[in-house]
$ cat structure.txt   # compact mmCIF, C-alpha atoms
# COMPACT_ATOMS: atom_id res chain seq x y z
CA MET A 27 23.24 213.62 249.53
CA PRO A 28 20.52 210.91 249.36
CA LYS A 29 19.93 209.51 245.88
CA LYS A 30 16.35 210.78 245.58
CA THR A 31 17.45 214.22 246.69
CA MET A 32 20.22 214.19 244.10
CA SER A 33 17.72 213.30 241.38
CA ARG A 34 15.49 216.19 242.44
CA PHE A 35 18.51 218.48 242.50
CA LEU A 36 19.38 217.54 238.91
CA LEU A 37 15.80 218.29 237.85
CA GLN A 38 15.86 221.73 239.45
CA ALA A 39 19.35 222.45 238.11
CA SER A 40 18.15 221.72 234.58
CA ARG A 41 15.20 224.02 235.16
CA HIS A 42 17.46 226.88 236.28
CA LEU A 43 19.77 226.39 233.30
CA LEU A 44 16.84 226.66 230.90
CA GLN A 45 15.57 229.76 232.69
CA ALA A 46 19.03 231.31 232.36
CA ASP A 47 18.81 230.58 228.62
CA GLY A 48 15.55 232.52 228.30
CA TYR A 49 12.96 229.80 228.87
CA SER A 50 10.19 230.57 231.33
CA SER A 51 9.04 227.80 233.65
CA ARG A 52 5.23 227.77 233.96
CA PHE A 53 2.30 225.68 235.10
CA ALA A 54 -1.06 225.08 233.43
CA GLU A 55 -3.92 224.39 235.83
CA THR A 56 -6.28 221.59 234.81
CA SER A 57 -9.18 219.78 236.48
CA GLU A 58 -6.77 216.93 237.24
CA GLY A 59 -3.79 218.93 238.50
CA ARG A 60 -0.93 221.07 237.27
CA ILE A 61 1.14 220.47 234.14
CA HIS A 62 4.60 222.03 234.00
CA TYR A 63 6.05 223.41 230.79
CA TYR A 64 8.86 225.58 229.45
CA ARG A 65 8.31 228.34 226.94
CA ALA A 66 10.54 230.65 224.91
CA ARG A 67 9.57 233.13 222.19
CA SER A 68 11.57 233.61 219.03
CA GLN A 69 11.47 235.44 215.71
CA GLY A 70 11.84 232.60 213.22
CA PRO A 71 9.44 232.02 210.31
CA LEU A 72 8.36 228.48 211.24
CA PRO A 73 5.39 227.68 213.50
CA VAL A 74 5.74 227.35 217.25
CA MET A 75 7.25 223.93 218.01
CA VAL A 76 5.88 221.84 220.87
CA PHE A 77 7.93 218.99 222.34
CA LEU A 78 6.57 215.96 224.21
CA HIS A 79 9.01 213.52 225.82
CA GLY A 80 8.68 209.79 226.40
CA LEU A 81 7.99 207.58 229.40
CA GLY A 82 10.41 208.23 232.26
CA ALA A 83 11.94 211.33 230.68
CA ASN A 84 11.31 215.02 231.42
CA GLY A 85 11.26 218.21 229.42
CA ALA A 86 14.87 219.20 230.05
CA ASP A 87 16.08 215.88 228.63
CA LEU A 88 15.10 217.20 225.18
CA THR A 89 17.25 220.34 225.51
CA PRO A 90 19.92 219.21 222.95
CA LEU A 91 17.09 218.85 220.41
CA PHE A 92 14.90 221.91 220.87
CA ARG A 93 17.60 224.44 221.76
CA PRO A 94 19.13 224.64 218.24
CA LEU A 95 15.65 224.81 216.67
CA ARG A 96 14.61 227.93 218.54
CA ARG A 97 16.03 230.39 216.01
CA TYR A 98 14.02 228.84 213.17
CA CYS A 99 10.55 229.08 214.70
CA GLN A 100 8.22 231.53 216.43
CA GLY A 101 8.72 229.84 219.77
CA ILE A 102 9.45 226.66 221.70
CA VAL A 103 7.08 224.93 224.13
CA VAL A 104 8.29 221.89 226.09
CA VAL A 105 5.55 220.12 228.02
CA GLU A 106 6.17 217.63 230.83
CA LEU A 107 3.64 214.81 230.73
CA PRO A 108 1.56 214.01 233.83
CA VAL A 109 3.60 212.23 236.54
CA HIS A 110 6.85 213.42 234.89
CA GLY A 111 9.25 216.19 235.80
CA LEU A 112 7.48 218.93 237.75
CA SER A 113 4.00 217.95 236.51
CA GLU A 114 1.58 216.45 239.01
CA SER A 115 -0.22 213.11 238.96
CA PRO A 116 -3.94 213.19 238.06
CA ARG A 117 -6.27 213.69 241.00
CA SER A 118 -8.54 210.95 239.67
CA GLY A 119 -5.68 208.46 239.65
CA VAL A 120 -3.13 207.34 237.09
CA ILE A 121 -5.61 206.01 234.56
CA PRO A 122 -5.65 206.68 230.79
CA GLU A 123 -8.77 208.86 230.86
CA ALA A 124 -7.37 211.16 233.54
CA LEU A 125 -3.93 211.34 231.90
CA ASN A 126 -5.46 212.28 228.55
CA THR A 127 -7.82 214.86 230.09
CA MET A 128 -5.01 216.46 232.04
CA LEU A 129 -2.69 216.82 229.04
CA ASN A 130 -5.43 217.91 226.61
CA GLN A 131 -6.67 220.64 228.95
CA ALA A 132 -3.12 221.83 229.55
CA LEU A 133 -2.28 222.00 225.85
CA ASP A 134 -5.49 223.88 225.14
CA GLN A 135 -4.45 226.50 227.68
CA ILE A 136 -0.81 226.67 226.61
CA LEU A 137 -1.60 227.02 222.90
CA LYS A 138 -4.68 229.26 223.10
CA ASP A 139 -2.85 232.35 221.79
CA ASP A 140 -0.83 230.53 219.11
CA GLN A 141 -1.45 229.77 215.49
CA PRO A 142 -1.55 226.01 214.77
CA VAL A 143 1.70 224.48 216.01
CA MET A 144 4.07 221.71 215.00
CA ILE A 145 4.23 218.95 217.63
CA PHE A 146 7.19 216.64 218.12
CA GLY A 147 6.58 213.55 220.22
CA ASN A 148 8.94 210.72 221.13
CA SER A 149 7.66 207.32 222.33
CA LEU A 150 4.85 207.96 224.85
CA GLY A 151 5.00 211.61 223.77
CA GLY A 152 4.32 210.47 220.20
CA LEU A 153 1.19 208.67 221.34
CA ALA A 154 0.16 211.81 223.26
CA ALA A 155 0.72 213.90 220.11
CA ILE A 156 -1.55 211.60 218.09
CA ARG A 157 -4.23 211.70 220.77
CA TYR A 158 -4.13 215.49 220.98
CA THR A 159 -4.22 215.93 217.20
CA ASN A 160 -7.38 213.85 217.05
CA TYR A 161 -8.80 215.77 220.00
CA ALA A 162 -8.00 219.30 218.75
CA PRO A 163 -6.97 219.16 215.06
CA GLN A 164 -7.50 222.91 214.69
CA ASN A 165 -4.49 223.52 216.97
CA VAL A 166 -2.03 221.34 215.06
CA HIS A 167 -0.20 222.40 211.91
CA SER A 168 2.03 219.32 211.54
CA LEU A 169 3.48 216.36 213.43
CA VAL A 170 6.89 214.78 213.84
CA LEU A 171 6.64 211.40 215.56
CA SER A 172 9.79 209.61 216.72
CA SER A 173 9.17 205.91 217.51
CA PRO A 174 5.68 206.71 218.84
CA GLY A 175 4.06 204.34 221.28
CA GLY A 176 0.53 203.01 221.24
CA ALA A 177 0.70 200.28 218.61
CA PRO A 178 -1.52 197.29 219.37
CA VAL A 179 0.63 194.16 219.52
CA ASP A 180 0.00 190.59 220.62
CA PRO A 181 -0.07 189.82 224.38
CA GLU A 182 3.41 188.28 224.37
CA LYS A 183 5.02 191.41 222.90
CA LEU A 184 3.00 193.61 225.20
CA GLU A 185 4.23 191.69 228.23
CA HIS A 186 7.80 191.96 226.93
CA LEU A 187 7.38 195.73 226.75
CA ARG A 188 6.05 195.86 230.31
CA GLN A 189 9.07 193.90 231.49
CA ILE A 190 11.46 196.31 229.80
CA PHE A 191 9.97 199.28 231.66
CA ALA A 192 9.24 197.43 234.91
CA SER A 193 11.83 194.84 235.88
CA ALA A 194 14.63 195.89 233.52
CA THR A 195 14.72 199.46 234.82
CA GLN A 196 14.93 198.18 238.40
CA ASP A 197 16.92 194.94 238.18
CA ARG A 198 18.95 195.49 234.99
CA PRO A 199 19.29 199.25 234.38
CA SER A 200 22.54 198.60 232.50
CA GLU A 201 20.55 196.58 229.95
CA PHE A 202 18.04 199.42 229.65
CA VAL A 203 20.85 201.91 228.93
CA ASP A 204 22.18 199.58 226.23
CA ARG A 205 18.74 199.66 224.62
CA LEU A 206 18.81 203.45 224.51
CA TYR A 207 22.29 203.97 223.04
CA ASN A 208 24.50 202.70 220.27
CA THR A 209 27.48 203.81 222.35
CA PRO A 210 26.56 204.41 226.02
CA PRO A 211 28.07 207.57 227.56
CA VAL A 212 30.96 207.54 230.02
CA TYR A 213 28.54 208.59 232.76
CA ARG A 214 26.38 205.52 232.26
CA LYS A 215 26.51 204.52 235.95
CA LEU A 216 24.89 207.81 236.91
CA MET A 217 22.31 207.31 234.18
CA GLU A 218 21.56 203.78 235.39
CA GLU A 219 20.87 205.06 238.90
CA GLU A 220 18.70 207.89 237.59
CA ILE A 221 16.69 205.43 235.49
CA ARG A 222 16.20 203.20 238.50
CA LEU A 223 14.93 206.13 240.58
CA ARG A 224 12.59 207.51 237.93
CA PHE A 225 10.92 204.19 237.21
CA ALA A 226 10.68 203.24 240.88
CA ASN A 227 8.02 205.94 241.25
CA GLU A 228 4.74 204.14 241.92
CA ASP A 229 2.67 206.51 239.78
CA MET A 230 5.14 206.05 236.91
CA ARG A 231 4.80 202.29 237.20
CA GLN A 232 1.02 202.57 237.01
CA ILE A 233 1.34 204.13 233.56
CA PHE A 234 2.89 201.04 231.99
CA GLU A 235 0.45 198.79 233.82
CA HIS A 236 -2.16 200.29 231.47
CA PHE A 237 -0.35 199.02 228.37
CA ASP A 238 -3.29 196.91 227.25
CA PRO A 239 -5.40 196.62 224.07
CA ASP A 240 -8.22 198.80 225.43
CA ASN A 241 -5.89 201.78 225.68
CA LEU A 242 -3.85 201.39 222.51
CA LEU A 243 -4.36 202.88 219.06
CA ARG A 244 -6.76 201.75 216.37
CA PRO A 245 -6.04 202.09 212.64
CA GLU A 246 -8.65 204.86 212.39
CA ASP A 247 -6.72 206.91 214.98
CA LEU A 248 -3.93 207.25 212.42
CA GLN A 249 -6.11 207.52 209.34
CA SER A 250 -8.11 210.40 210.79
CA ILE A 251 -5.00 212.61 211.00
CA GLN A 252 -5.04 215.13 208.16
CA VAL A 253 -1.98 217.26 208.94
CA PRO A 254 1.47 216.72 207.38
CA THR A 255 3.24 214.06 209.44
CA LEU A 256 6.84 212.86 209.54
CA LEU A 257 7.29 209.44 211.13
CA ILE A 258 10.87 208.65 212.19
CA TRP A 259 11.71 205.11 213.28
CA GLY A 260 15.37 204.25 213.77
CA LYS A 261 16.63 200.86 212.67
CA GLN A 262 18.46 200.66 216.03
CA ASP A 263 15.30 201.05 218.11
CA ARG A 264 15.65 198.30 220.71
CA ILE A 265 12.50 199.12 222.69
CA LEU A 266 9.63 199.50 220.19
CA GLU A 267 11.35 197.92 217.20
CA GLU A 268 8.43 195.59 216.43
CA HIS A 269 5.77 198.29 216.72
CA VAL A 270 6.70 200.07 213.49
CA GLU A 271 4.71 197.53 211.44
CA PHE A 272 1.40 198.86 212.76
CA TYR A 273 2.33 202.36 211.65
CA ARG A 274 3.75 201.17 208.34
CA THR A 275 0.56 199.24 207.58
CA HIS A 276 -2.04 201.77 208.69
CA LYS A 277 -0.48 205.19 208.14
CA PRO A 278 -2.29 207.52 205.70
CA SER A 279 -0.60 208.18 202.38
CA HIS A 280 0.48 211.68 203.45
CA PHE A 281 2.57 210.30 206.34
CA LYS A 282 6.25 210.29 205.45
CA LEU A 283 8.20 207.40 207.00
CA GLU A 284 11.96 207.68 207.49
CA GLU A 285 14.01 204.83 209.00
CA PRO A 286 17.57 206.06 209.65
CA ALA A 287 19.95 203.13 210.01
CA HIS A 288 21.73 204.54 213.09
CA PHE A 289 18.82 206.10 215.04
CA THR A 290 17.84 204.48 218.34
CA HIS A 291 14.55 204.71 220.23
CA CYS A 292 15.50 208.18 221.52
CA PRO A 293 17.73 209.66 218.78
CA TYR A 294 17.87 213.03 220.55
CA MET A 295 20.18 211.40 223.12
CA GLU A 296 22.98 210.61 220.64
CA MET A 297 22.16 212.47 217.42
CA PRO A 298 20.24 215.61 218.41
CA GLU A 299 21.75 217.74 215.64
CA GLU A 300 20.72 215.35 212.87
CA LEU A 301 17.24 214.92 214.32
CA ALA A 302 16.88 218.70 214.64
CA ILE A 303 17.81 219.13 210.96
CA ARG A 304 15.16 216.60 209.94
CA ILE A 305 12.55 218.45 212.00
CA ARG A 306 13.60 221.84 210.64
CA ASP A 307 13.59 220.69 207.02
CA PHE A 308 10.20 219.03 207.39
CA ALA A 309 8.73 222.17 208.96
CA ARG A 310 10.21 224.30 206.15
CA ALA A 311 8.76 222.01 203.48
CA HIS A 312 5.28 222.45 204.94
CA ARG A 313 5.49 226.09 205.94

$ encode --input "structure.txt" --output "structure tokens"
Amino acid sequence: MPKKTMSRFLLQASRHLLQADGYSSRFAETSEGRIHYYRARSQGPLPVMVFLHGLGANGADLTPLFRPLRRYCQGIVVVELPVHGLSESPRSGVIPEALNTMLNQALDQILKDDQPVMIFGNSLGGLAAIRYTNYAPQNVHSLVLSSPGGAPVDPEKLEHLRQIFASATQDRPSEFVDRLYNTPPVYRKLMEEEIRLRFANEDMRQIFEHFDPDNLLRPEDLQSIQVPTLLIWGKQDRILEEHVEFYRTHKPSHFKLEEPAHFTHCPYMEMPEELAIRIRDFARAHR
């Protein structure tokens, strides 16, 4: 089976497994194209929880995190960002304005019948969560941000970040895997090939070409957020490790910052149970 076909097969297999577990697979129509998402209802006391993944990931990748949380909340929504998973690329092109419009319109549709929700966002998904909270604060009850992107850094650090997502994923995928894990899994070779395929997508590559000061956060973007917010930044983050200082410096006083010594950039990959407990306890504290 060709490698690209195998990658597509794994995506569809994950979709079918989630459907078998009671998650519906749906699309939200926007002016820029379709956004794919998973949804499951539940009977827990906590608000609906919305999950946004990072650059190069897809919704099913977060399964070890959101699956155990389902029984505690009123429902789970897992949204695949534009260009990712089964979501389409914006019709206007892969530019920040179109990406933001597409996701904001989709979330408005998806959440229209819900009470304000808790949003979890990792990396690029964390930046998307911040943007949406500023766009539609009435729809957001609380935020959990795990190593969110978007911090303005100097040009040298910005170029280093571009190289991690551009050349490292293509030329040195083993190095990229080492950045994601404390202890890489036994199937790391398969993961390396999957990373190479995902980031070889031209539309995906256009996203990180827009990592520039004009499209990054300003201090007021954080300070305007009024909802309870938990900021998690692992001490073992080897991708955005230098970006935490922007958040530490400019976060409002009601932001709670936790820096677990063993968490990496994507803690749901190695420690989903511990991350889920932190999310659950934070949601309970602000119920």

$ residues_around --input "structure.txt" --residues "Ser149 of chain A" --least-positions-apart "6" --cutoff "10 Å" --atoms "only C-alpha atoms" --output "list in words"
Leu78, His79, Gly80, Leu81, Ala155, Leu171, Ser172, Ser173, Pro174, Gly175, Gly176, Ile265, Leu266, His291 and Cys292 of chain A

$ closest_residue --input "structure.txt" --among "A:Leu283, A:Val104, A:Gly111, A:Glu271" --to "Gln38 of chain A" --atoms "all atoms listed in the file"
A:Gly111

$ closest_residue --input "structure.txt" --among "A:Asp139, A:Asp263, A:Asp87, A:Glu114" --to "Ser57 of chain A" --atoms "all atoms listed in the file"
A:Glu114

$ atom_distance --input "structure.txt" --atom1 "atom CA of Thr290 of chain A" --atom2 "atom CA of Gly260 of chain A"
5.2 Å

$ closest_residue --input "structure.txt" --among "A:Asn241, A:Gln232, A:Asn165, A:Gln100" --to "Val179 of chain A" --atoms "only C-alpha atoms"
A:Asn241

$ closest_residue --input "structure.txt" --among "A:Ile121, A:Ala46, A:Leu184, A:Ile221" --to "Ser200 of chain A" --atoms "all atoms listed in the file"
A:Ile221

$ atom_distance --input "structure.txt" --atom1 "atom CA of Pro142 of chain A" --atom2 "atom CA of Asn130 of chain A"
14.9 Å

$ closest_residue --input "structure.txt" --among "A:Ile303, A:Arg313, A:Pro108, A:Asn160" --to "Leu95 of chain A" --atoms "only C-alpha atoms"
A:Ile303

$ residues_around --input "structure.txt" --residues "Pro199 of chain A" --least-positions-apart "3" --cutoff "7 Å" --atoms "all atoms listed in the file" --output "tab-separated table (two decimals) with C-alpha atoms, in the coordinates of the input"
chain	number	residue	atom	x	y	z
A	194	ALA	CA	14.63	195.89	233.52
A	195	THR	CA	14.72	199.46	234.82
A	196	GLN	CA	14.93	198.18	238.40
A	202	PHE	CA	18.04	199.42	229.65
A	203	VAL	CA	20.85	201.91	228.93
A	218	GLU	CA	21.56	203.78	235.39
A	221	ILE	CA	16.69	205.43	235.49
A	222	ARG	CA	16.20	203.20	238.50

$ residues_near_point --input "structure.txt" --point "(9.3, 222.7, 203.6)" --cutoff "12 Å" --atoms "only C-alpha atoms" --output "PyMOL selection string"
chain A and resi 71-73+168+254+256+303-313

$ residues_around --input "structure.txt" --residues "Val270 of chain A" --least-positions-apart "3" --cutoff "8 Å" --atoms "all atoms listed in the file" --output "list in words"
Ser173, Ala177, Trp259, Leu266, Glu267, Tyr273 and Arg274 of chain A

$ build_atoms --input "structure.txt" --residues "segment 247-270 of chain A" --atoms "N, CA, C and O atoms" --output "PDB file, in the frame of the given file"
ATOM      1  N   ASP A 247      -7.356 205.799 214.257  1.00  0.00           N
ATOM      2  CA  ASP A 247      -6.720 206.910 214.980  1.00  0.00           C
ATOM      3  C   ASP A 247      -5.608 207.532 214.140  1.00  0.00           C
ATOM      4  O   ASP A 247      -5.350 208.738 214.236  1.00  0.00           O
ATOM      5  N   LEU A 248      -4.944 206.723 213.335  1.00  0.00           N
ATOM      6  CA  LEU A 248      -3.930 207.250 212.420  1.00  0.00           C
ATOM      7  C   LEU A 248      -4.581 207.839 211.180  1.00  0.00           C
ATOM      8  O   LEU A 248      -4.229 208.922 210.722  1.00  0.00           O
ATOM      9  N   GLN A 249      -5.534 207.125 210.629  1.00  0.00           N
ATOM     10  CA  GLN A 249      -6.110 207.520 209.340  1.00  0.00           C
ATOM     11  C   GLN A 249      -6.947 208.781 209.424  1.00  0.00           C
ATOM     12  O   GLN A 249      -7.200 209.426 208.405  1.00  0.00           O
ATOM     13  N   SER A 250      -7.342 209.164 210.632  1.00  0.00           N
ATOM     14  CA  SER A 250      -8.110 210.400 210.790  1.00  0.00           C
ATOM     15  C   SER A 250      -7.224 211.642 210.836  1.00  0.00           C
ATOM     16  O   SER A 250      -7.731 212.766 210.766  1.00  0.00           O
ATOM     17  N   ILE A 251      -5.915 211.468 210.937  1.00  0.00           N
ATOM     18  CA  ILE A 251      -5.000 212.610 211.000  1.00  0.00           C
ATOM     19  C   ILE A 251      -4.811 213.196 209.599  1.00  0.00           C
ATOM     20  O   ILE A 251      -4.406 212.487 208.665  1.00  0.00           O
ATOM     21  N   GLN A 252      -5.097 214.472 209.464  1.00  0.00           N
ATOM     22  CA  GLN A 252      -5.040 215.130 208.160  1.00  0.00           C
ATOM     23  C   GLN A 252      -3.810 216.005 207.971  1.00  0.00           C
ATOM     24  O   GLN A 252      -3.518 216.416 206.853  1.00  0.00           O
ATOM     25  N   VAL A 253      -3.090 216.310 209.040  1.00  0.00           N
ATOM     26  CA  VAL A 253      -1.980 217.260 208.940  1.00  0.00           C
ATOM     27  C   VAL A 253      -0.722 216.555 208.424  1.00  0.00           C
ATOM     28  O   VAL A 253      -0.574 215.333 208.559  1.00  0.00           O
ATOM     29  N   PRO A 254       0.204 217.306 207.806  1.00  0.00           N
ATOM     30  CA  PRO A 254       1.470 216.720 207.380  1.00  0.00           C
ATOM     31  C   PRO A 254       2.173 216.040 208.559  1.00  0.00           C
ATOM     32  O   PRO A 254       2.266 216.623 209.643  1.00  0.00           O
ATOM     33  N   THR A 255       2.650 214.831 208.355  1.00  0.00           N
ATOM     34  CA  THR A 255       3.240 214.060 209.440  1.00  0.00           C
ATOM     35  C   THR A 255       4.504 213.359 208.979  1.00  0.00           C
ATOM     36  O   THR A 255       4.504 212.657 207.960  1.00  0.00           O
ATOM     37  N   LEU A 256       5.571 213.563 209.755  1.00  0.00           N
ATOM     38  CA  LEU A 256       6.840 212.860 209.540  1.00  0.00           C
ATOM     39  C   LEU A 256       6.973 211.810 210.626  1.00  0.00           C
ATOM     40  O   LEU A 256       6.929 212.117 211.813  1.00  0.00           O
ATOM     41  N   LEU A 257       7.140 210.561 210.207  1.00  0.00           N
ATOM     42  CA  LEU A 257       7.290 209.440 211.130  1.00  0.00           C
ATOM     43  C   LEU A 257       8.733 208.951 211.040  1.00  0.00           C
ATOM     44  O   LEU A 257       9.181 208.511 209.979  1.00  0.00           O
ATOM     45  N   ILE A 258       9.463 209.053 212.142  1.00  0.00           N
ATOM     46  CA  ILE A 258      10.870 208.650 212.190  1.00  0.00           C
ATOM     47  C   ILE A 258      10.993 207.412 213.069  1.00  0.00           C
ATOM     48  O   ILE A 258      10.587 207.441 214.235  1.00  0.00           O
ATOM     49  N   TRP A 259      11.560 206.347 212.499  1.00  0.00           N
ATOM     50  CA  TRP A 259      11.710 205.110 213.280  1.00  0.00           C
ATOM     51  C   TRP A 259      13.095 204.527 213.009  1.00  0.00           C
ATOM     52  O   TRP A 259      13.346 203.947 211.953  1.00  0.00           O
ATOM     53  N   GLY A 260      14.006 204.701 213.952  1.00  0.00           N
ATOM     54  CA  GLY A 260      15.370 204.250 213.770  1.00  0.00           C
ATOM     55  C   GLY A 260      15.493 202.735 213.673  1.00  0.00           C
ATOM     56  O   GLY A 260      14.801 201.993 214.372  1.00  0.00           O
ATOM     57  N   LYS A 261      16.383 202.292 212.812  1.00  0.00           N
ATOM     58  CA  LYS A 261      16.630 200.860 212.670  1.00  0.00           C
ATOM     59  C   LYS A 261      17.283 200.264 213.926  1.00  0.00           C
ATOM     60  O   LYS A 261      17.278 199.045 214.118  1.00  0.00           O
ATOM     61  N   GLN A 262      17.831 201.122 214.788  1.00  0.00           N
ATOM     62  CA  GLN A 262      18.460 200.660 216.030  1.00  0.00           C
ATOM     63  C   GLN A 262      17.545 200.811 217.243  1.00  0.00           C
ATOM     64  O   GLN A 262      18.017 200.757 218.378  1.00  0.00           O
ATOM     65  N   ASP A 263      16.256 201.003 217.006  1.00  0.00           N
ATOM     66  CA  ASP A 263      15.300 201.050 218.110  1.00  0.00           C
ATOM     67  C   ASP A 263      15.247 199.665 218.748  1.00  0.00           C
ATOM     68  O   ASP A 263      14.857 198.684 218.112  1.00  0.00           O
ATOM     69  N   ARG A 264      15.631 199.590 220.015  1.00  0.00           N
ATOM     70  CA  ARG A 264      15.650 198.300 220.710  1.00  0.00           C
ATOM     71  C   ARG A 264      14.595 198.249 221.824  1.00  0.00           C
ATOM     72  O   ARG A 264      14.708 197.451 222.744  1.00  0.00           O
ATOM     73  N   ILE A 265      13.598 199.115 221.721  1.00  0.00           N
ATOM     74  CA  ILE A 265      12.500 199.120 222.690  1.00  0.00           C
ATOM     75  C   ILE A 265      11.165 198.880 221.975  1.00  0.00           C
ATOM     76  O   ILE A 265      10.396 197.997 222.346  1.00  0.00           O
ATOM     77  N   LEU A 266      10.876 199.664 220.935  1.00  0.00           N
ATOM     78  CA  LEU A 266       9.630 199.500 220.190  1.00  0.00           C
ATOM     79  C   LEU A 266       9.898 199.056 218.753  1.00  0.00           C
ATOM     80  O   LEU A 266       9.155 199.408 217.829  1.00  0.00           O
ATOM     81  N   GLU A 267      10.930 198.272 218.550  1.00  0.00           N
ATOM     82  CA  GLU A 267      11.350 197.920 217.200  1.00  0.00           C
ATOM     83  C   GLU A 267      10.280 197.150 216.422  1.00  0.00           C
ATOM     84  O   GLU A 267      10.204 197.239 215.191  1.00  0.00           O
ATOM     85  N   GLU A 268       9.432 196.383 217.129  1.00  0.00           N
ATOM     86  CA  GLU A 268       8.430 195.590 216.430  1.00  0.00           C
ATOM     87  C   GLU A 268       7.116 196.350 216.217  1.00  0.00           C
ATOM     88  O   GLU A 268       6.208 195.859 215.543  1.00  0.00           O
ATOM     89  N   HIS A 269       7.013 197.542 216.783  1.00  0.00           N
ATOM     90  CA  HIS A 269       5.770 198.290 216.720  1.00  0.00           C
ATOM     91  C   HIS A 269       5.633 199.104 215.437  1.00  0.00           C
ATOM     92  O   HIS A 269       4.546 199.583 215.124  1.00  0.00           O
ATOM     93  N   VAL A 270       6.734 199.257 214.708  1.00  0.00           N
ATOM     94  CA  VAL A 270       6.700 200.070 213.490  1.00  0.00           C
ATOM     95  C   VAL A 270       5.754 199.481 212.456  1.00  0.00           C
ATOM     96  O   VAL A 270       5.187 200.214 211.632  1.00  0.00           O
TER      97      VAL A 270
END
